[in-house]
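One file, final25.cif, is given below (mmCIF, C-alpha atoms and all ligand atoms).
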data_final
#
loop_
_atom_site.label_atom_id
_atom_site.label_comp_id
_atom_site.auth_asym_id
_atom_site.auth_seq_id
_atom_site.Cartn_x
_atom_site.Cartn_y
_atom_site.Cartn_z
CA MET C 1 -13.59 -19.40 17.30
CA ASP C 2 -11.42 -21.70 15.16
CA VAL C 3 -10.29 -20.43 11.78
CA LEU C 4 -9.72 -22.79 8.86
CA TRP C 5 -6.79 -21.11 7.14
CA ASP C 6 -6.29 -21.75 3.42
CA PRO C 7 -2.51 -21.26 3.04
CA ASP C 8 -2.58 -21.29 -0.78
CA ARG C 9 -5.15 -18.50 -0.97
CA TYR C 10 -3.36 -16.65 1.87
CA ASP C 11 0.03 -16.84 0.12
CA ALA C 12 -1.46 -15.78 -3.25
CA LEU C 13 -2.75 -12.46 -1.83
CA PRO C 14 -0.71 -9.24 -1.97
CA LEU C 15 -0.77 -8.72 1.81
CA PRO C 16 0.81 -5.96 3.91
CA HIS C 17 1.91 -8.83 6.17
CA GLU C 18 4.78 -9.38 3.74
CA LYS C 19 6.24 -5.94 4.49
CA TRP C 20 5.70 -6.42 8.22
CA GLY C 21 7.65 -9.68 7.99
CA VAL C 22 10.52 -7.99 6.16
CA GLY C 23 10.63 -5.36 8.92
CA VAL C 24 10.73 -7.99 11.65
CA VAL C 25 13.45 -10.09 9.99
CA ASN C 26 15.57 -6.99 9.27
CA LYS C 27 15.25 -5.86 12.86
CA LEU C 28 16.49 -9.25 14.11
CA ALA C 29 19.84 -8.42 12.46
CA LEU C 30 20.70 -12.10 12.16
CA LEU C 31 24.39 -13.04 12.18
CA GLY C 32 23.88 -16.35 10.37
CA ASP C 33 24.17 -19.06 13.01
CA GLU C 34 21.26 -18.32 15.35
CA THR C 35 18.54 -20.61 16.61
CA LEU C 36 15.23 -18.86 15.91
CA VAL C 37 11.61 -19.52 16.86
CA ASP C 38 8.85 -18.13 14.60
CA ALA C 39 5.76 -17.90 16.84
CA GLY C 40 2.56 -18.12 14.77
CA CYS C 41 4.62 -19.04 11.70
CA GLY C 42 1.73 -19.56 9.30
CA SER C 43 2.80 -21.01 5.95
CA GLY C 44 6.42 -19.95 6.46
CA ARG C 45 6.90 -16.84 4.31
CA ASP C 46 8.82 -15.01 7.07
CA ALA C 47 10.77 -18.11 8.05
CA ALA C 48 11.90 -18.43 4.41
CA LEU C 49 13.15 -14.86 4.53
CA ALA C 50 14.98 -15.50 7.80
CA LEU C 51 16.46 -18.75 6.48
CA GLY C 52 18.14 -16.77 3.68
CA GLN C 53 20.09 -14.99 6.43
CA LEU C 54 20.82 -18.11 8.48
CA PRO C 55 23.29 -20.25 6.52
CA ARG C 56 24.28 -22.08 9.73
CA GLY C 57 21.14 -21.50 11.81
CA HIS C 58 17.97 -23.33 12.75
CA ILE C 59 14.32 -22.23 12.73
CA THR C 60 11.41 -23.76 14.62
CA GLY C 61 7.98 -22.65 13.44
CA LEU C 62 5.13 -22.86 15.95
CA ASP C 63 1.48 -22.64 14.94
CA ALA C 64 -1.90 -24.01 16.00
CA SER C 65 -3.37 -24.34 12.49
CA PRO C 66 -2.94 -27.81 10.90
CA THR C 67 -3.36 -26.37 7.38
CA MET C 68 -0.76 -23.64 7.94
CA LEU C 69 1.66 -26.13 9.52
CA ALA C 70 1.24 -28.53 6.59
CA ALA C 71 2.05 -25.68 4.17
CA PHE C 72 5.07 -24.73 6.31
CA GLU C 73 6.31 -28.34 6.21
CA ARG C 74 5.86 -28.51 2.42
CA ARG C 75 7.78 -25.25 1.96
CA PHE C 76 10.77 -26.53 3.95
CA ALA C 77 10.59 -30.23 3.03
CA ASP C 78 14.16 -30.09 1.66
CA SER C 79 15.70 -28.17 4.56
CA ALA C 80 17.23 -29.87 7.59
CA GLN C 81 17.50 -26.42 9.20
CA VAL C 82 13.77 -25.87 9.65
CA ALA C 83 11.14 -27.71 11.70
CA ALA C 84 7.44 -27.13 12.35
CA LEU C 85 5.73 -27.93 15.63
CA ALA C 86 2.05 -27.75 16.55
CA ALA C 87 1.56 -25.42 19.48
CA ASP C 88 -0.99 -23.15 21.07
CA LEU C 89 1.10 -20.06 21.84
CA MET C 90 -0.78 -19.55 25.12
CA GLU C 91 0.29 -22.99 26.38
CA PRO C 92 3.85 -24.13 27.22
CA TRP C 93 5.79 -24.14 23.94
CA PRO C 94 7.46 -27.43 22.86
CA VAL C 95 10.86 -25.73 23.02
CA ALA C 96 13.53 -26.19 25.72
CA SER C 97 14.10 -23.37 28.20
CA ALA C 98 16.93 -20.92 27.43
CA SER C 99 17.61 -22.72 24.14
CA VAL C 100 17.05 -20.09 21.44
CA ASP C 101 18.86 -16.92 20.41
CA ALA C 102 15.84 -15.11 19.00
CA VAL C 103 12.06 -15.21 18.71
CA MET C 104 10.12 -13.51 15.94
CA SER C 105 6.39 -13.19 15.42
CA VAL C 106 4.38 -11.54 12.64
CA ALA C 107 0.64 -10.85 12.78
CA ALA C 108 -0.08 -13.57 15.35
CA PHE C 109 -0.10 -12.26 18.96
CA HIS C 110 -3.37 -10.31 18.56
CA TRP C 111 -5.06 -13.68 17.96
CA LEU C 112 -4.27 -14.52 21.60
CA PRO C 113 -6.90 -13.48 24.18
CA GLN C 114 -4.19 -13.76 26.86
CA PRO C 115 -0.94 -12.57 25.27
CA ASP C 116 0.77 -12.48 28.69
CA ARG C 117 0.88 -16.28 28.59
CA ALA C 118 2.78 -16.21 25.30
CA TRP C 119 5.19 -13.52 26.54
CA THR C 120 6.01 -15.83 29.47
CA GLN C 121 6.95 -18.52 26.95
CA VAL C 122 9.06 -16.09 24.89
CA SER C 123 11.04 -15.30 28.02
CA ARG C 124 11.37 -18.95 29.03
CA VAL C 125 12.77 -20.17 25.68
CA LEU C 126 15.21 -17.26 25.13
CA ARG C 127 18.77 -17.69 26.30
CA PRO C 128 20.23 -14.86 28.41
CA GLY C 129 21.04 -12.05 25.96
CA GLY C 130 18.49 -13.37 23.44
CA ARG C 131 16.09 -11.05 21.61
CA VAL C 132 12.50 -10.97 20.44
CA VAL C 133 11.10 -8.93 17.57
CA LEU C 134 7.34 -8.87 17.13
CA ASP C 135 4.71 -7.27 14.94
CA ALA C 136 1.00 -7.67 15.75
CA GLY C 137 -2.27 -5.81 15.55
CA GLY C 138 -2.12 -3.02 18.13
CA PHE C 139 -4.53 -0.82 20.09
CA LEU C 140 -7.29 0.60 17.83
CA ASN C 141 -6.33 -1.72 14.97
CA ILE C 142 -8.87 -1.88 12.09
CA GLU C 143 -11.48 0.23 13.95
CA ARG C 144 -13.16 1.28 10.69
CA LEU C 145 -13.36 -2.29 9.46
CA LEU C 146 -14.78 -3.47 12.80
CA ALA C 147 -17.40 -0.69 12.66
CA ALA C 148 -18.39 -1.84 9.16
CA VAL C 149 -18.75 -5.44 10.38
CA ASP C 150 -20.89 -4.17 13.26
CA ALA C 151 -23.02 -2.15 10.82
CA VAL C 152 -23.90 -5.32 8.86
CA GLY C 153 -24.80 -7.12 12.10
CA ALA C 154 -21.92 -9.60 11.99
CA ALA C 155 -19.83 -8.56 15.01
CA ASP C 156 -20.57 -11.91 16.67
CA LYS C 157 -18.73 -13.66 13.81
CA LEU C 158 -15.36 -12.12 14.66
CA PRO C 159 -12.65 -14.00 16.56
CA ALA C 160 -11.69 -12.66 20.00
CA TRP C 161 -8.82 -10.49 18.73
CA HIS C 162 -6.98 -8.55 21.38
CA TYR C 163 -5.23 -5.38 20.29
CA ALA C 164 -2.76 -4.58 23.06
CA GLY C 165 -1.34 -1.10 23.60
CA VAL C 166 2.12 0.05 24.63
CA ASP C 167 1.66 0.26 28.42
CA GLU C 168 -0.14 -3.07 28.53
CA THR C 169 2.62 -4.75 26.52
CA VAL C 170 5.42 -3.21 28.58
CA GLY C 171 3.60 -4.66 31.61
CA TYR C 172 3.65 -8.13 30.03
CA LEU C 173 7.36 -7.80 29.18
CA ASP C 174 8.23 -6.68 32.72
CA ALA C 175 6.20 -9.49 34.26
CA ALA C 176 7.86 -12.05 31.98
CA GLY C 177 11.37 -10.81 32.80
CA LEU C 178 12.10 -9.24 29.41
CA THR C 179 13.66 -5.81 28.94
CA PRO C 180 11.73 -3.56 26.52
CA VAL C 181 14.03 -1.87 24.00
CA GLU C 182 11.31 -0.49 21.73
CA VAL C 183 7.54 -0.85 22.12
CA ARG C 184 5.42 1.35 19.86
CA LEU C 185 2.21 1.64 17.88
CA ARG C 186 2.43 2.54 14.18
CA SER C 187 -0.43 3.52 11.89
CA ALA C 188 -0.10 1.37 8.75
CA PRO C 189 -3.12 1.80 6.43
CA ALA C 190 -3.19 -0.79 3.64
CA HIS C 191 -4.90 -0.25 0.28
CA PHE C 192 -6.18 -3.07 -1.92
CA ASN C 193 -6.19 -2.38 -5.66
CA THR C 194 -9.28 -4.23 -6.91
CA ASP C 195 -12.64 -5.34 -5.51
CA ALA C 196 -11.75 -8.98 -6.25
CA VAL C 197 -8.52 -8.86 -4.25
CA TYR C 198 -10.23 -6.91 -1.48
CA LEU C 199 -13.05 -9.45 -1.15
CA SER C 200 -10.57 -12.30 -1.21
CA TYR C 201 -8.58 -10.57 1.54
CA LEU C 202 -11.75 -10.17 3.63
CA LYS C 203 -12.61 -13.85 3.14
CA ASP C 204 -9.19 -15.43 3.66
CA VAL C 205 -7.48 -13.13 6.15
CA VAL C 206 -9.92 -11.33 8.47
CA LEU C 207 -13.60 -12.13 8.03
CA HIS C 208 -13.51 -15.93 7.66
CA HIS C 209 -16.84 -16.55 9.40
CA LEU C 210 -19.01 -13.98 7.62
CA THR C 211 -21.19 -15.00 4.67
CA ASP C 212 -20.25 -13.85 1.15
CA GLU C 213 -23.21 -11.45 1.24
CA GLN C 214 -22.02 -9.91 4.52
CA ARG C 215 -18.49 -9.48 3.15
CA VAL C 216 -19.88 -7.70 0.06
CA GLU C 217 -21.82 -5.36 2.36
CA VAL C 218 -18.69 -4.67 4.43
CA ALA C 219 -16.71 -4.00 1.25
CA ALA C 220 -19.38 -1.55 0.08
CA ILE C 221 -19.10 0.39 3.35
CA MET C 222 -15.29 0.39 3.04
CA ALA C 223 -15.53 1.56 -0.57
CA ASP C 224 -12.03 3.08 -0.62
CA ARG C 225 -10.63 -0.46 -0.05
CA CYS C 226 -8.34 0.94 2.66
CA VAL C 227 -7.82 -1.03 5.86
CA ASP C 228 -6.84 1.01 8.90
CA TYR C 229 -4.15 -1.20 10.36
CA VAL C 230 -2.32 -0.15 13.53
CA ARG C 231 0.75 -2.24 14.26
CA LEU C 232 2.21 -3.03 17.67
CA GLU C 233 5.97 -3.28 17.20
CA VAL C 234 8.14 -4.77 19.93
CA PHE C 235 11.86 -5.29 20.34
CA ALA C 236 12.88 -6.73 23.72
CA MET C 237 15.83 -8.54 25.26
CA LYS C 238 16.29 -11.33 27.78
CA PRO C 239 18.71 -9.94 30.38
CA VAL C 240 22.17 -11.55 30.55
C1 LIG C 301 -2.43 -13.77 10.06
S1 LIG C 301 -1.65 -15.31 10.28
C2 LIG C 301 0.07 -14.82 10.25
C3 LIG C 301 0.96 -15.94 9.79
C4 LIG C 301 2.40 -15.53 9.48
N1 LIG C 301 3.12 -15.15 10.68
C5 LIG C 301 2.39 -14.42 8.46
O1 LIG C 301 2.73 -13.27 8.81
O2 LIG C 301 2.02 -14.67 7.31
C6 LIG C 301 -1.91 -15.66 12.01
C7 LIG C 301 -1.33 -17.00 12.42
O3 LIG C 301 -1.43 -17.11 13.84
C8 LIG C 301 -1.77 -18.45 14.13
N2 LIG C 301 -2.40 -18.51 15.46
C9 LIG C 301 -3.52 -17.87 15.88
N3 LIG C 301 -3.80 -18.18 17.15
C10 LIG C 301 -2.82 -19.04 17.56
C11 LIG C 301 -2.55 -19.72 18.78
N4 LIG C 301 -3.32 -19.59 19.86
N5 LIG C 301 -1.47 -20.52 18.83
C12 LIG C 301 -0.67 -20.68 17.74
N6 LIG C 301 -0.87 -20.05 16.57
C13 LIG C 301 -1.93 -19.25 16.47
C14 LIG C 301 -2.74 -18.83 13.01
O4 LIG C 301 -2.90 -20.22 12.92
C15 LIG C 301 -2.07 -18.19 11.82
O5 LIG C 301 -1.17 -19.05 11.19
#
How would this structure read if it were set down as structure tokens?
Ligand SMILES: C[S@@+](CC[C@H](N)C(=O)[O-])C[C@H]1O[C@@H](n2cnc3c(N)ncnc32)[C@H](O)[C@@H]1O
Amino acid sequence: MDVLWDPDRYDALPLPHEKWGVGVVNKLALLGDETLVDAGCGSGRDAALALGQLPRGHITGLDASPTMLAAFERRFADSAQVAALAADLMEPWPVASASVDAVMSVAAFHWLPQPDRAWTQVSRVLRPGGRVVLDAGGFLNIERLLAAVDAVGAADKLPAWHYAGVDETVGYLDAAGLTPVEVRLRSAPAHFNTDAVYLSYLKDVVLHHLTDEQRVEVAAIMADRCVDYVRLEVFAMKPV
């Protein structure tokens, strides 16, 4: 189910994704001259953060959404250090093998029905000794929200999200030839301050295909405006 992302509305929202991105970039512990791939880069908020720590580095953003990629390109129009490439993360990435020092990904891998295919690409593009830091929706992510969508009869309007757990992900890493350093699930409930922001979040971030009426019904069920996020956090290395 294709999603038409609106990067301006996405960027205008106060999203927990921003904090997740800060966590991922901090964990990368960039030295300043690395070559970095941002897998599922969206409009480039996390890449901008990483670029601030890469005075001599390069970033390639990969994404399948033309609107997100266009926003990414606009954001970095003046930077020779950053490039955007169209890519389905489950297909071979347009990046040379063993060519990058690090891969990061924020809130993207749970959009992949077959994440193992993307992990294979992470491993292929990393140089020996390279690292990957990832945040994504994890096992039992947004269960309450999904139950509310089901209650309004709109479950068939959800994308095929896949919320992988720890053992499953360690299996993907092993199969791809990556060494898990840290793989964990973290409960990360997010609260939205007003009904207007909450409804906008539902429309532009998670429930794109529902009608306005259905989103209002979902919001009424989730009256505390709290979204029960569970994050899958991964740090892994490509063996030397
Ligand atoms: C919630 S957004 C996250 C964007 C950005 N990383 C952030 O944290 O703001 C999910 C992103 O994953 C991208 N995406 C989803 N499925 C994809 C796929 N199969 N291949 C490439 N990108 C994909 C979407 O286009 C979107 O930009």
Task: d(atom CA of Phe192 of chain C, atom CA of Asp46 of chain C) in Å - done: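 Between these atoms lies a distance of 21.2 Å.
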TODO: May I have the residues within 8 Å of segment 193-208 of chain C as a PyMOL selection string, using all atoms listed in the file and disregarding those fewer than 4 positions away in the same chain?
DONE: chain C and resi 3-6+9-10+13+157-158+212+215-216+219+225
Selected residues written out with C-alpha atoms, as a PDB file, in the coordinates of the input:
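out.pdb, written as the output of this step:
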ATOM      1  CA  VAL C   3     -10.290 -20.430  11.780  1.00  0.00           C
ATOM      2  CA  LEU C   4      -9.720 -22.790   8.860  1.00  0.00           C
ATOM      3  CA  TRP C   5      -6.790 -21.110   7.140  1.00  0.00           C
ATOM      4  CA  ASP C   6      -6.290 -21.750   3.420  1.00  0.00           C
ATOM      5  CA  ARG C   9      -5.150 -18.500  -0.970  1.00  0.00           C
ATOM      6  CA  TYR C  10      -3.360 -16.650   1.870  1.00  0.00           C
ATOM      7  CA  LEU C  13      -2.750 -12.460  -1.830  1.00  0.00           C
ATOM      8  CA  LYS C 157     -18.730 -13.660  13.810  1.00  0.00           C
ATOM      9  CA  LEU C 158     -15.360 -12.120  14.660  1.00  0.00           C
ATOM     10  CA  ASP C 212     -20.250 -13.850   1.150  1.00  0.00           C
ATOM     11  CA  ARG C 215     -18.490  -9.480   3.150  1.00  0.00           C
ATOM     12  CA  VAL C 216     -19.880  -7.700   0.060  1.00  0.00           C
ATOM     13  CA  ALA C 219     -16.710  -4.000   1.250  1.00  0.00           C
ATOM     14  CA  ARG C 225     -10.630  -0.460  -0.050  1.00  0.00           C
TER      15      ARG C 225
END
Open item on the list: Neighbouring residues of Leu62 of chain C were defined as those with any atom within 7 Å, considering only C-alpha atoms; residues of the same chain fewer than 3 positions away were excluded. Please report them as a list in words.
Closed with: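 Those residues are Asp38, Ala39, Gly40, Cys41, Ala84, Leu85, Ala86 and Ala87 of chain C.
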TODO: Could you give me the residues within 6 Å of ligand LIG 301 (chain C), counting all atoms listed in the file, as a PyMOL selection string?
DONE: chain C and resi 17+40-42+63-65+68+87-90+106-108+111-112
TODO: Would you list the contacts of Leu134 of chain C as a list in words, taking every protein, DNA or RNA residue within 9 Å and counting only C-alpha atoms, but skipping same-chain residues closer than 5 positions in sequence?
DONE: Val24, Val103, Met104, Ser105, Val106, Ala107, Ala108, Phe109, Leu232, Glu233, Val234, Phe235 and Ala236 of chain C
Place N, CA and C atoms on segment 184-199 of chain C and deliver the coordinates as a CSV table (one decimal), in the frame of the given file.
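Wrote out_24.csv, looks like this:
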chain,number,residue,atom,x,y,z
C,184,ARG,N,6.1,0.2,20.4
C,184,ARG,CA,5.4,1.4,19.9
C,184,ARG,C,4.2,0.9,19.0
C,185,LEU,N,3.3,1.8,18.8
C,185,LEU,CA,2.2,1.6,17.9
C,185,LEU,C,2.5,2.4,16.6
C,186,ARG,N,2.2,1.9,15.5
C,186,ARG,CA,2.4,2.5,14.2
C,186,ARG,C,1.2,2.4,13.3
C,187,SER,N,0.7,3.5,12.8
C,187,SER,CA,-0.4,3.5,11.9
C,187,SER,C,0.1,3.0,10.5
C,188,ALA,N,-0.6,2.0,10.0
C,188,ALA,CA,-0.1,1.4,8.8
C,188,ALA,C,-1.3,1.0,7.8
C,189,PRO,N,-2.0,2.1,7.3
C,189,PRO,CA,-3.1,1.8,6.4
C,189,PRO,C,-2.7,1.0,5.2
C,190,ALA,N,-3.5,0.0,4.8
C,190,ALA,CA,-3.2,-0.8,3.6
C,190,ALA,C,-4.3,-0.6,2.6
C,191,HIS,N,-3.9,-0.4,1.4
C,191,HIS,CA,-4.9,-0.2,0.3
C,191,HIS,C,-4.9,-1.5,-0.6
C,192,PHE,N,-6.1,-1.9,-1.0
C,192,PHE,CA,-6.2,-3.1,-1.9
C,192,PHE,C,-6.7,-2.5,-3.3
C,193,ASN,N,-6.0,-3.0,-4.4
C,193,ASN,CA,-6.2,-2.4,-5.7
C,193,ASN,C,-7.5,-2.7,-6.4
C,194,THR,N,-8.1,-3.9,-6.2
C,194,THR,CA,-9.3,-4.2,-6.9
C,194,THR,C,-10.3,-4.8,-5.9
C,195,ASP,N,-11.6,-4.8,-6.4
C,195,ASP,CA,-12.6,-5.3,-5.5
C,195,ASP,C,-12.4,-6.8,-5.3
C,196,ALA,N,-11.9,-7.5,-6.4
C,196,ALA,CA,-11.8,-9.0,-6.2
C,196,ALA,C,-10.7,-9.3,-5.2
C,197,VAL,N,-9.6,-8.6,-5.2
C,197,VAL,CA,-8.5,-8.9,-4.2
C,197,VAL,C,-9.0,-8.5,-2.9
C,198,TYR,N,-9.7,-7.4,-2.8
C,198,TYR,CA,-10.2,-6.9,-1.5
C,198,TYR,C,-11.2,-7.9,-0.8
C,199,LEU,N,-12.1,-8.5,-1.7
C,199,LEU,CA,-13.0,-9.4,-1.2
C,199,LEU,C,-12.3,-10.7,-0.8
